[in-house]
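K.L.:
I am attaching a structure below and will ask some questions about it afterwards.
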Amino acid sequence: MSDQNIYEDRIKLFKDTIELKKTERVPNLSNFFTWKILDSPYKLSEAMNDYDKMERVVCDFHERYHFDAYMDLGTRNPIRVTDALGGGDHEVNDKTESINYYDHVLMKSDEYQELLDNEVKFLWTKVFARKFPDTTPEKLINAVQELMAYGQFNDKMTNKFVQEYHCPSVFNMNAVLMHPFEYLHNNYRGIKEVSIDLRKRRTELKDVIEKKFETQMLPALDAALDLDTSAYVCDTYFPMLAHAILSPKQFEDIYWPQLKQIIDKVVEKDKTIYIFCESTMLRFKDFFQDIPKGHVILHLEQDDIFEIHKELPNICLAGGMTTDLLGNGTPRQCIDYSKKLIDELGNGFIFSQNKMVSFRNDCARENLLAVNEFIRNY
Amino acid sequence: MMFEEKDSAIDNPFLTYPEGWNQAVESLVFLPEEMREGFLIQFITTVTSM
């Protein structure tokens, strides 16, 4: 088979799977993140601060395990950018082989109106100022240059994987959409504070969500849906984390109205959306039951994927292989579970890992080698 | 998970609006003038999310 055919076959394999069509084999998508570095000769800090080393890490990983596509090509934690501004909220610890991200508050509870009144002023003088209080004109320029270097690294890796390894990119970086509540939860208010706001400042919180959605997200969605994304696994990408703190009732009130509009537009334009769900989704299953098949992929983290499949036969599911098994099981156990996943989930299943694989004990090399050889040949 | 509340008393003349902001916009000399402010908005949105 020619190189071009390998690439086109992989794209078709993913797209047919998303449309729940019968395929010759299941696509194998890597959800490995910093584990790749722990599987290499480098320390976390060495690879994360040196793009040449990170390139070697990611290429060696592909040459060893041969996935069809990758959620991460070494671009998950651009710490060089935030370090240029004096440091961000990541703590890279080579001794414990971990990266911690601190829950942080960059916006106070009584500042919602300021955010509504003038978002640029608010971001610059409050949010950015609290995160990077020692910014100088020189540091700003250095950080902008680092962001550009990061963008160039991202482009280089994407092109290399398409051209040398014939692996399609999962999504276009310009087609990443994020719910406004995610910004408040992940970045501005933090998990603890936004949980209190849900009860005490619901109206202000909703006002911010609705304004950001109308003025920023809808135009971004329209632009994303106009992109030619035929060379990507999916047309748009939507990461979800903040739903983890919501009840179904809160989800219906705070999150779903905007997500529904997005999904409706994706369906209307006959496009696809890859929803990367951290935490659990089962309690929100009712919201997804009427979506036409062929448009939505749910990548599941902590759910029972067999139960979700039973509840949502209209949705393509990704994930399945657990880090518990990859890290603690035997190769035989991992293969048996892989077979069960493929046999029972049938068409419309993208084989991947349930967690963003990050820690050494998340996976044993011999297990991953055994699973991927099995997937290629089953 | 650790919790940290950032100090809101920022005493940095560069992080003011509109004076410091305009200075930051003007400093992006490697970009065409009409693109600088949009780029900076995107930049601060991105880095505050990192």
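Chain labels run A, B, ... following the order of the structure tokens; each chain numbers its residues from 1, and ligands are numbered from 1 in the order shown.
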Any idea what's packed within 8 Å of stretch 356-368 of chain A, counting only C-alpha atoms, ignoring anything in its chain fewer than 5 positions away? Could you give it as a list in words?
P.N.:
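Listing them by chain and then by number gives Asn31, Phe32, Phe33, Thr34, Trp35, Lys36, Leu38, Asp39, Tyr65, Glu97, Ser98, Thr323, Asp324, Leu325, Leu326, Gly327, Asn328, Gly329, Thr330, Pro331 and Cys334 of chain A.
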K.L.:
Find the spatial neighbours of A:His309, counting only C-alpha atoms, within a cut-off of 8 Å - ignore same-chain residues fewer than 6 positions away - and output them as a PyMOL selection string.
P.N.:
chain A and resi 315+317+345
K.L.:
Show me a table, sorted first by chain and then by increasing residue number, of the residues of chain A having an atom at most 8 Å from chain B, each with its shortest atom pair and the distance in Å to one decimal, counting only C-alpha atoms and written as CSV.
P.N.:
residue,atom,partner,partner_atom,distance
A:Asn77,CA,B:Met50,CA,7.7
A:Pro78,CA,B:Met50,CA,7.6
A:Val81,CA,B:Val47,CA,7.6
A:Thr82,CA,B:Val47,CA,6.7
A:Gly88,CA,B:Met50,CA,7.1
A:Asp89,CA,B:Met50,CA,7.7
A:Tyr102,CA,B:Met2,CA,5.8
A:Asp103,CA,B:Phe3,CA,5.3
A:His104,CA,B:Glu4,CA,5.1
A:Val105,CA,B:Glu5,CA,5.0
A:Leu106,CA,B:Lys6,CA,6.1
A:Val120,CA,B:Ile41,CA,6.8
A:Lys121,CA,B:Tyr17,CA,6.0
A:Leu123,CA,B:Ile44,CA,7.4
A:Trp124,CA,B:Leu15,CA,6.4
A:Thr125,CA,B:Leu15,CA,5.4
A:Lys126,CA,B:Ser8,CA,7.0
A:Val127,CA,B:Thr48,CA,7.2
A:Phe128,CA,B:Thr48,CA,6.1
A:Ala129,CA,B:Leu15,CA,6.1
A:Arg130,CA,B:Lys6,CA,5.8
A:Lys131,CA,B:Thr48,CA,7.0
A:Pro133,CA,B:Ile10,CA,6.5
A:Asp134,CA,B:Asn12,CA,7.2
A:Thr135,CA,B:Phe14,CA,7.4
A:Thr136,CA,B:Phe14,CA,6.6
A:Pro137,CA,B:Ala24,CA,6.6
A:Leu140,CA,B:Ala24,CA,7.9
A:Ile141,CA,B:Leu28,CA,7.4
A:Val144,CA,B:Phe43,CA,7.5
A:Tyr183,CA,B:Ser49,CA,7.4
A:Asn186,CA,B:Ser49,CA,7.6
A:Asn187,CA,B:Ser49,CA,5.5
K.L.:
Would you output that residue set with N, CA and C atoms, as a compact mmCIF listing (two decimals), in the first residue's frame?
P.N.:
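Final output, out-v4.txt:
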# COMPACT_ATOMS: atom_id res chain seq x y z
N ASN A 77 1.53 20.94 27.34
CA ASN A 77 1.85 21.90 28.40
C ASN A 77 2.90 22.90 27.91
N PRO A 78 2.49 23.98 27.29
CA PRO A 78 3.47 24.95 26.76
C PRO A 78 4.05 25.83 27.87
N VAL A 81 6.01 29.25 27.45
CA VAL A 81 5.29 30.52 27.24
C VAL A 81 5.01 31.19 28.58
N THR A 82 4.44 30.44 29.50
CA THR A 82 4.09 31.03 30.80
C THR A 82 5.35 31.32 31.62
N GLY A 88 3.54 29.98 35.35
CA GLY A 88 2.09 29.81 35.37
C GLY A 88 1.67 29.01 36.59
N ASP A 89 0.64 28.20 36.41
CA ASP A 89 0.09 27.44 37.53
C ASP A 89 0.48 25.97 37.49
N TYR A 102 -2.53 23.98 39.73
CA TYR A 102 -3.21 24.46 40.92
C TYR A 102 -4.56 25.09 40.59
N ASP A 103 -5.56 24.74 41.39
CA ASP A 103 -6.82 25.46 41.34
C ASP A 103 -6.52 26.88 41.81
N HIS A 104 -6.93 27.86 41.02
CA HIS A 104 -6.52 29.21 41.33
C HIS A 104 -7.66 30.20 41.06
N VAL A 105 -7.59 31.34 41.74
CA VAL A 105 -8.62 32.37 41.58
C VAL A 105 -7.97 33.62 40.99
N LEU A 106 -8.40 33.99 39.80
CA LEU A 106 -7.88 35.20 39.14
C LEU A 106 -8.96 36.27 39.05
N VAL A 120 -11.82 43.27 27.84
CA VAL A 120 -10.38 43.45 27.58
C VAL A 120 -9.71 44.14 28.76
N LYS A 121 -10.33 45.20 29.25
CA LYS A 121 -9.78 45.91 30.41
C LYS A 121 -9.69 44.97 31.61
N LEU A 123 -9.58 41.64 31.67
CA LEU A 123 -8.57 40.59 31.51
C LEU A 123 -7.16 41.13 31.75
N TRP A 124 -6.91 42.31 31.18
CA TRP A 124 -5.55 42.88 31.27
C TRP A 124 -5.20 43.32 32.70
N THR A 125 -6.12 44.07 33.33
CA THR A 125 -5.79 44.68 34.63
C THR A 125 -6.10 43.77 35.82
N LYS A 126 -6.88 42.73 35.61
CA LYS A 126 -7.21 41.85 36.75
C LYS A 126 -6.71 40.42 36.50
N VAL A 127 -7.26 39.76 35.50
CA VAL A 127 -6.96 38.33 35.32
C VAL A 127 -5.48 38.12 34.94
N PHE A 128 -5.06 38.76 33.86
CA PHE A 128 -3.66 38.64 33.42
C PHE A 128 -2.73 39.21 34.50
N ALA A 129 -3.11 40.34 35.08
CA ALA A 129 -2.26 41.01 36.08
C ALA A 129 -2.05 40.14 37.31
N ARG A 130 -3.09 39.39 37.70
CA ARG A 130 -2.93 38.53 38.88
C ARG A 130 -2.13 37.27 38.56
N LYS A 131 -2.24 36.83 37.33
CA LYS A 131 -1.49 35.61 36.96
C LYS A 131 -0.02 35.92 36.70
N PRO A 133 1.94 39.10 37.53
CA PRO A 133 2.01 40.47 38.07
C PRO A 133 3.30 41.21 37.73
N ASP A 134 4.36 40.49 37.37
CA ASP A 134 5.64 41.16 37.12
C ASP A 134 5.92 41.36 35.64
N THR A 135 4.86 41.34 34.83
CA THR A 135 5.04 41.50 33.39
C THR A 135 5.64 42.87 33.05
N THR A 136 6.65 42.83 32.20
CA THR A 136 7.25 44.06 31.67
C THR A 136 7.09 44.01 30.15
N PRO A 137 7.29 45.13 29.46
CA PRO A 137 7.22 45.09 27.99
C PRO A 137 8.17 44.05 27.41
N LEU A 140 6.78 40.55 27.95
CA LEU A 140 5.63 40.33 27.07
C LEU A 140 6.10 39.91 25.68
N ILE A 141 7.08 40.64 25.15
CA ILE A 141 7.58 40.30 23.81
C ILE A 141 8.21 38.91 23.80
N VAL A 144 5.41 36.39 23.77
CA VAL A 144 4.77 36.33 22.44
C VAL A 144 5.64 35.51 21.50
N TYR A 183 -14.16 28.49 30.99
CA TYR A 183 -13.20 29.55 31.32
C TYR A 183 -13.33 29.96 32.78
N ASN A 186 -12.22 26.69 34.96
CA ASN A 186 -10.82 26.24 34.85
C ASN A 186 -9.83 27.37 35.12
N ASN A 187 -10.19 28.59 34.70
CA ASN A 187 -9.18 29.64 34.64
C ASN A 187 -9.44 30.86 35.52
K.L.:
DSSP on the backbone: which residues in stretch 134-338 of chain A end up as strand (DSSP E)? Give the answer as a VMD selection string.
P.N.:
chain A and resid 236 to 240 273 to 277 296 to 300 316 to 321
K.L.:
Could you go through stretch 1-49 of chain B and tell me which residues DSSP, when run on the backbone, assigns to alpha helix (DSSP H), listing them as an mmCIF file with N, CA and C atoms, in the first residue's frame?
P.N.:
data_model
loop_
_atom_site.group_PDB
_atom_site.id
_atom_site.type_symbol
_atom_site.label_atom_id
_atom_site.label_comp_id
_atom_site.auth_asym_id
_atom_site.auth_seq_id
_atom_site.Cartn_x
_atom_site.Cartn_y
_atom_site.Cartn_z
ATOM 1 N N GLU B 19 -3.593 53.062 29.459
ATOM 2 C CA GLU B 19 -2.201 53.450 29.190
ATOM 3 C C GLU B 19 -1.286 52.243 28.936
ATOM 4 N N GLY B 20 -1.223 51.340 29.929
ATOM 5 C CA GLY B 20 -0.349 50.161 29.788
ATOM 6 C C GLY B 20 -0.775 49.273 28.636
ATOM 7 N N TRP B 21 -2.072 49.148 28.475
ATOM 8 C CA TRP B 21 -2.604 48.316 27.375
ATOM 9 C C TRP B 21 -2.158 48.863 26.026
ATOM 10 N N ASN B 22 -2.305 50.186 25.863
ATOM 11 C CA ASN B 22 -1.909 50.787 24.584
ATOM 12 C C ASN B 22 -0.415 50.608 24.329
ATOM 13 N N GLN B 23 0.370 50.732 25.406
ATOM 14 C CA GLN B 23 1.822 50.524 25.273
ATOM 15 C C GLN B 23 2.102 49.079 24.827
ATOM 16 N N ALA B 24 1.365 48.142 25.409
ATOM 17 C CA ALA B 24 1.554 46.729 25.040
ATOM 18 C C ALA B 24 1.179 46.499 23.580
ATOM 19 N N VAL B 25 0.061 47.095 23.155
ATOM 20 C CA VAL B 25 -0.370 46.951 21.755
ATOM 21 C C VAL B 25 0.700 47.508 20.825
ATOM 22 N N GLU B 26 1.189 48.719 21.152
ATOM 23 C CA GLU B 26 2.179 49.377 20.284
ATOM 24 C C GLU B 26 3.510 48.637 20.249
ATOM 25 N N GLU B 33 -0.070 47.086 12.039
ATOM 26 C CA GLU B 33 -0.727 47.875 13.082
ATOM 27 C C GLU B 33 -2.168 47.425 13.342
ATOM 28 N N GLU B 34 -2.896 47.120 12.265
ATOM 29 C CA GLU B 34 -4.307 46.794 12.428
ATOM 30 C C GLU B 34 -4.532 45.420 13.076
ATOM 31 N N MET B 35 -3.481 44.623 13.160
ATOM 32 C CA MET B 35 -3.624 43.275 13.744
ATOM 33 C C MET B 35 -3.212 43.214 15.217
ATOM 34 N N ARG B 36 -2.533 44.259 15.692
ATOM 35 C CA ARG B 36 -1.876 44.159 16.999
ATOM 36 C C ARG B 36 -2.849 43.968 18.152
ATOM 37 N N GLU B 37 -3.919 44.765 18.208
ATOM 38 C CA GLU B 37 -4.806 44.674 19.361
ATOM 39 C C GLU B 37 -5.532 43.326 19.393
ATOM 40 N N GLY B 38 -6.015 42.873 18.235
ATOM 41 C CA GLY B 38 -6.696 41.573 18.177
ATOM 42 C C GLY B 38 -5.772 40.449 18.613
ATOM 43 N N PHE B 39 -4.501 40.555 18.169
ATOM 44 C CA PHE B 39 -3.522 39.534 18.553
ATOM 45 C C PHE B 39 -3.314 39.537 20.063
ATOM 46 N N LEU B 40 -3.189 40.746 20.638
ATOM 47 C CA LEU B 40 -2.920 40.813 22.081
ATOM 48 C C LEU B 40 -4.106 40.279 22.892
ATOM 49 N N ILE B 41 -5.318 40.565 22.433
ATOM 50 C CA ILE B 41 -6.508 40.023 23.122
ATOM 51 C C ILE B 41 -6.446 38.486 23.089
ATOM 52 N N GLN B 42 -6.144 37.949 21.917
ATOM 53 C CA GLN B 42 -6.050 36.492 21.788
ATOM 54 C C GLN B 42 -4.932 35.950 22.662
ATOM 55 N N PHE B 43 -3.826 36.679 22.689
ATOM 56 C CA PHE B 43 -2.667 36.236 23.479
ATOM 57 C C PHE B 43 -3.002 36.164 24.965
ATOM 58 N N ILE B 44 -3.603 37.234 25.512
ATOM 59 C CA ILE B 44 -3.863 37.212 26.969
ATOM 60 C C ILE B 44 -4.956 36.205 27.308
ATOM 61 N N THR B 45 -5.901 35.995 26.375
ATOM 62 C CA THR B 45 -6.921 34.963 26.607
ATOM 63 C C THR B 45 -6.259 33.588 26.662
ATOM 64 N N THR B 46 -5.308 33.377 25.755
ATOM 65 C CA THR B 46 -4.628 32.076 25.684
ATOM 66 C C THR B 46 -3.764 31.827 26.913
ATOM 67 N N VAL B 47 -2.930 32.800 27.261
ATOM 68 C CA VAL B 47 -1.970 32.531 28.350
ATOM 69 C C VAL B 47 -2.639 32.501 29.725
#
K.L.:
Just to confirm, what's the straight-line distance from atom CA of A:Ala175 to atom CA of A:Gln216 in Å (one decimal)?
P.N.:
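Atom-to-atom, atom CA of A:Ala175 to atom CA of A:Gln216, that is 13.2 Å.
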K.L.:
So what do you get for atom CA of A:Leu205 versus atom CA of A:Leu184, distance-wise?
P.N.:
8.7 Å
K.L.:
Record the distance separating atom CA of A:Asp117 and atom CA of A:Asp197, expressed in Å with one decimal.
P.N.:
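Value for the atom CA of A:Asp117-atom CA of A:Asp197 distance: 18.8 Å.
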K.L.:
At a cut-off of 8 Å, using only C-alpha atoms, what residues contact A:Phe181? Leave out same-chain residues fewer than 3 positions from it and give the result as number ranges by chain.
P.N.:
A: 184-185, 209, 242, 254-255
K.L.:
List the spatial neighbours of A:Thr75 as a ChimeraX atom specification - criterion: any atom at most 12 Å away, only C-alpha atoms, same-chain residues fewer than 2 positions off excluded.
P.N.:
/A:32-34,36,47-51,54-55,57-58,70-73,77-81,147,149-158,173 /B:50
K.L.:
How would the residues just picked look written out with N, CA and C atoms as an mmCIF file, in the first residue's frame?
P.N.:
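As a result, result-v2.cif now contains:
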data_model
loop_
_atom_site.group_PDB
_atom_site.id
_atom_site.type_symbol
_atom_site.label_atom_id
_atom_site.label_comp_id
_atom_site.auth_asym_id
_atom_site.auth_seq_id
_atom_site.Cartn_x
_atom_site.Cartn_y
_atom_site.Cartn_z
ATOM 1 N N PHE A 32 -2.307 9.185 25.027
ATOM 2 C CA PHE A 32 -1.119 9.266 25.891
ATOM 3 C C PHE A 32 -0.598 10.697 25.894
ATOM 4 N N PHE A 33 -0.339 11.196 27.079
ATOM 5 C CA PHE A 33 0.204 12.546 27.202
ATOM 6 C C PHE A 33 1.617 12.442 27.793
ATOM 7 N N THR A 34 1.822 12.864 29.031
ATOM 8 C CA THR A 34 3.201 12.930 29.538
ATOM 9 C C THR A 34 3.800 11.552 29.843
ATOM 10 N N LYS A 36 4.424 9.508 27.682
ATOM 11 C CA LYS A 36 5.387 9.364 26.577
ATOM 12 C C LYS A 36 6.793 9.770 27.039
ATOM 13 N N ALA A 47 12.189 17.427 28.558
ATOM 14 C CA ALA A 47 11.425 17.360 27.303
ATOM 15 C C ALA A 47 10.494 18.561 27.153
ATOM 16 N N MET A 48 9.900 18.994 28.265
ATOM 17 C CA MET A 48 8.913 20.076 28.169
ATOM 18 C C MET A 48 9.561 21.428 27.875
ATOM 19 N N ASN A 49 10.854 21.532 28.160
ATOM 20 C CA ASN A 49 11.541 22.804 27.901
ATOM 21 C C ASN A 49 12.377 22.787 26.631
ATOM 22 N N ASP A 50 12.379 21.683 25.914
ATOM 23 C CA ASP A 50 13.243 21.568 24.736
ATOM 24 C C ASP A 50 12.447 20.883 23.615
ATOM 25 N N TYR A 51 12.062 21.655 22.614
ATOM 26 C CA TYR A 51 11.204 21.095 21.566
ATOM 27 C C TYR A 51 11.896 20.003 20.752
ATOM 28 N N MET A 54 11.444 16.942 22.820
ATOM 29 C CA MET A 54 10.041 16.525 22.796
ATOM 30 C C MET A 54 9.697 15.874 21.456
ATOM 31 N N GLU A 55 10.249 16.409 20.380
ATOM 32 C CA GLU A 55 10.019 15.793 19.064
ATOM 33 C C GLU A 55 10.534 14.357 19.049
ATOM 34 N N VAL A 57 10.917 12.383 21.624
ATOM 35 C CA VAL A 57 10.036 11.593 22.502
ATOM 36 C C VAL A 57 8.807 11.123 21.736
ATOM 37 N N VAL A 58 8.161 12.055 21.037
ATOM 38 C CA VAL A 58 6.893 11.746 20.374
ATOM 39 C C VAL A 58 7.121 10.826 19.170
ATOM 40 N N TYR A 70 -3.148 10.687 17.105
ATOM 41 C CA TYR A 70 -2.686 11.092 18.437
ATOM 42 C C TYR A 70 -3.448 12.315 18.960
ATOM 43 N N MET A 71 -3.933 12.192 20.185
ATOM 44 C CA MET A 71 -4.554 13.359 20.814
ATOM 45 C C MET A 71 -3.509 14.417 21.165
ATOM 46 N N ASP A 72 -2.274 13.979 21.386
ATOM 47 C CA ASP A 72 -1.217 14.917 21.789
ATOM 48 C C ASP A 72 0.073 14.586 21.057
ATOM 49 N N LEU A 73 0.664 15.618 20.468
ATOM 50 C CA LEU A 73 1.952 15.443 19.789
ATOM 51 C C LEU A 73 3.049 16.216 20.529
ATOM 52 N N ASN A 77 1.528 20.936 27.336
ATOM 53 C CA ASN A 77 1.846 21.900 28.396
ATOM 54 C C ASN A 77 2.900 22.902 27.914
ATOM 55 N N PRO A 78 2.493 23.979 27.288
ATOM 56 C CA PRO A 78 3.473 24.948 26.762
ATOM 57 C C PRO A 78 4.047 25.828 27.867
ATOM 58 N N ILE A 79 4.814 25.216 28.773
ATOM 59 C CA ILE A 79 5.275 25.955 29.946
ATOM 60 C C ILE A 79 6.314 27.019 29.597
ATOM 61 N N ARG A 80 6.940 26.876 28.419
ATOM 62 C CA ARG A 80 7.932 27.909 28.056
ATOM 63 C C ARG A 80 7.269 29.269 27.876
ATOM 64 N N VAL A 81 6.009 29.255 27.454
ATOM 65 C CA VAL A 81 5.290 30.521 27.237
ATOM 66 C C VAL A 81 5.011 31.193 28.576
ATOM 67 N N LEU A 147 5.246 31.941 22.336
ATOM 68 C CA LEU A 147 3.970 31.404 21.851
ATOM 69 C C LEU A 147 4.057 31.094 20.358
ATOM 70 N N ALA A 149 6.850 30.329 18.778
ATOM 71 C CA ALA A 149 7.715 29.144 18.658
ATOM 72 C C ALA A 149 6.906 27.876 18.971
ATOM 73 N N TYR A 150 6.049 27.976 19.957
ATOM 74 C CA TYR A 150 5.175 26.844 20.305
ATOM 75 C C TYR A 150 4.246 26.509 19.136
ATOM 76 N N GLY A 151 3.701 27.551 18.500
ATOM 77 C CA GLY A 151 2.835 27.340 17.336
ATOM 78 C C GLY A 151 3.591 26.679 16.200
ATOM 79 N N GLN A 152 4.840 27.103 16.012
ATOM 80 C CA GLN A 152 5.665 26.505 14.949
ATOM 81 C C GLN A 152 5.969 25.046 15.257
ATOM 82 N N PHE A 153 6.225 24.742 16.527
ATOM 83 C CA PHE A 153 6.473 23.348 16.925
ATOM 84 C C PHE A 153 5.221 22.501 16.671
ATOM 85 N N ASN A 154 4.084 23.059 17.035
ATOM 86 C CA ASN A 154 2.818 22.350 16.820
ATOM 87 C C ASN A 154 2.608 22.060 15.328
ATOM 88 N N ASP A 155 2.849 23.075 14.496
ATOM 89 C CA ASP A 155 2.701 22.891 13.040
ATOM 90 C C ASP A 155 3.697 21.847 12.514
ATOM 91 N N LYS A 156 4.930 21.937 13.018
ATOM 92 C CA LYS A 156 5.974 21.004 12.567
ATOM 93 C C LYS A 156 5.581 19.563 12.895
ATOM 94 N N MET A 157 5.108 19.347 14.110
ATOM 95 C CA MET A 157 4.742 17.981 14.521
ATOM 96 C C MET A 157 3.538 17.475 13.725
ATOM 97 N N THR A 158 2.558 18.365 13.543
ATOM 98 C CA THR A 158 1.374 17.963 12.777
ATOM 99 C C THR A 158 1.772 17.548 11.371
ATOM 100 N N MET A 173 -6.509 23.123 15.252
ATOM 101 C CA MET A 173 -6.437 23.972 16.455
ATOM 102 C C MET A 173 -7.382 25.174 16.357
ATOM 103 N N MET B 50 -3.588 28.965 30.284
ATOM 104 C CA MET B 50 -2.532 27.934 30.333
ATOM 105 C C MET B 50 -2.208 27.580 31.789
#
K.L.:
Which residues are close to A:Ile305, i.e. within 8 Å by only C-alpha atoms, leaving aside same-chain residues fewer than 5 positions away? Reply as a CSV table (one decimal) with N, CA and C atoms, in the first residue's frame.
P.N.:
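Result saved to selection21.csv:
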chain,number,residue,atom,x,y,z
A,300,LEU,N,-14.8,9.1,26.5
A,300,LEU,CA,-15.2,8.9,27.9
A,300,LEU,C,-14.0,8.7,28.8
A,317,LEU,N,-18.4,6.4,20.3
A,317,LEU,CA,-17.7,6.4,21.6
A,317,LEU,C,-16.2,6.2,21.3
A,319,GLY,N,-12.4,5.7,23.7
A,319,GLY,CA,-11.9,5.4,25.0
A,319,GLY,C,-11.9,3.9,25.2
A,320,GLY,N,-12.3,3.5,26.4
A,320,GLY,CA,-12.5,2.1,26.7
A,320,GLY,C,-11.4,1.4,27.5
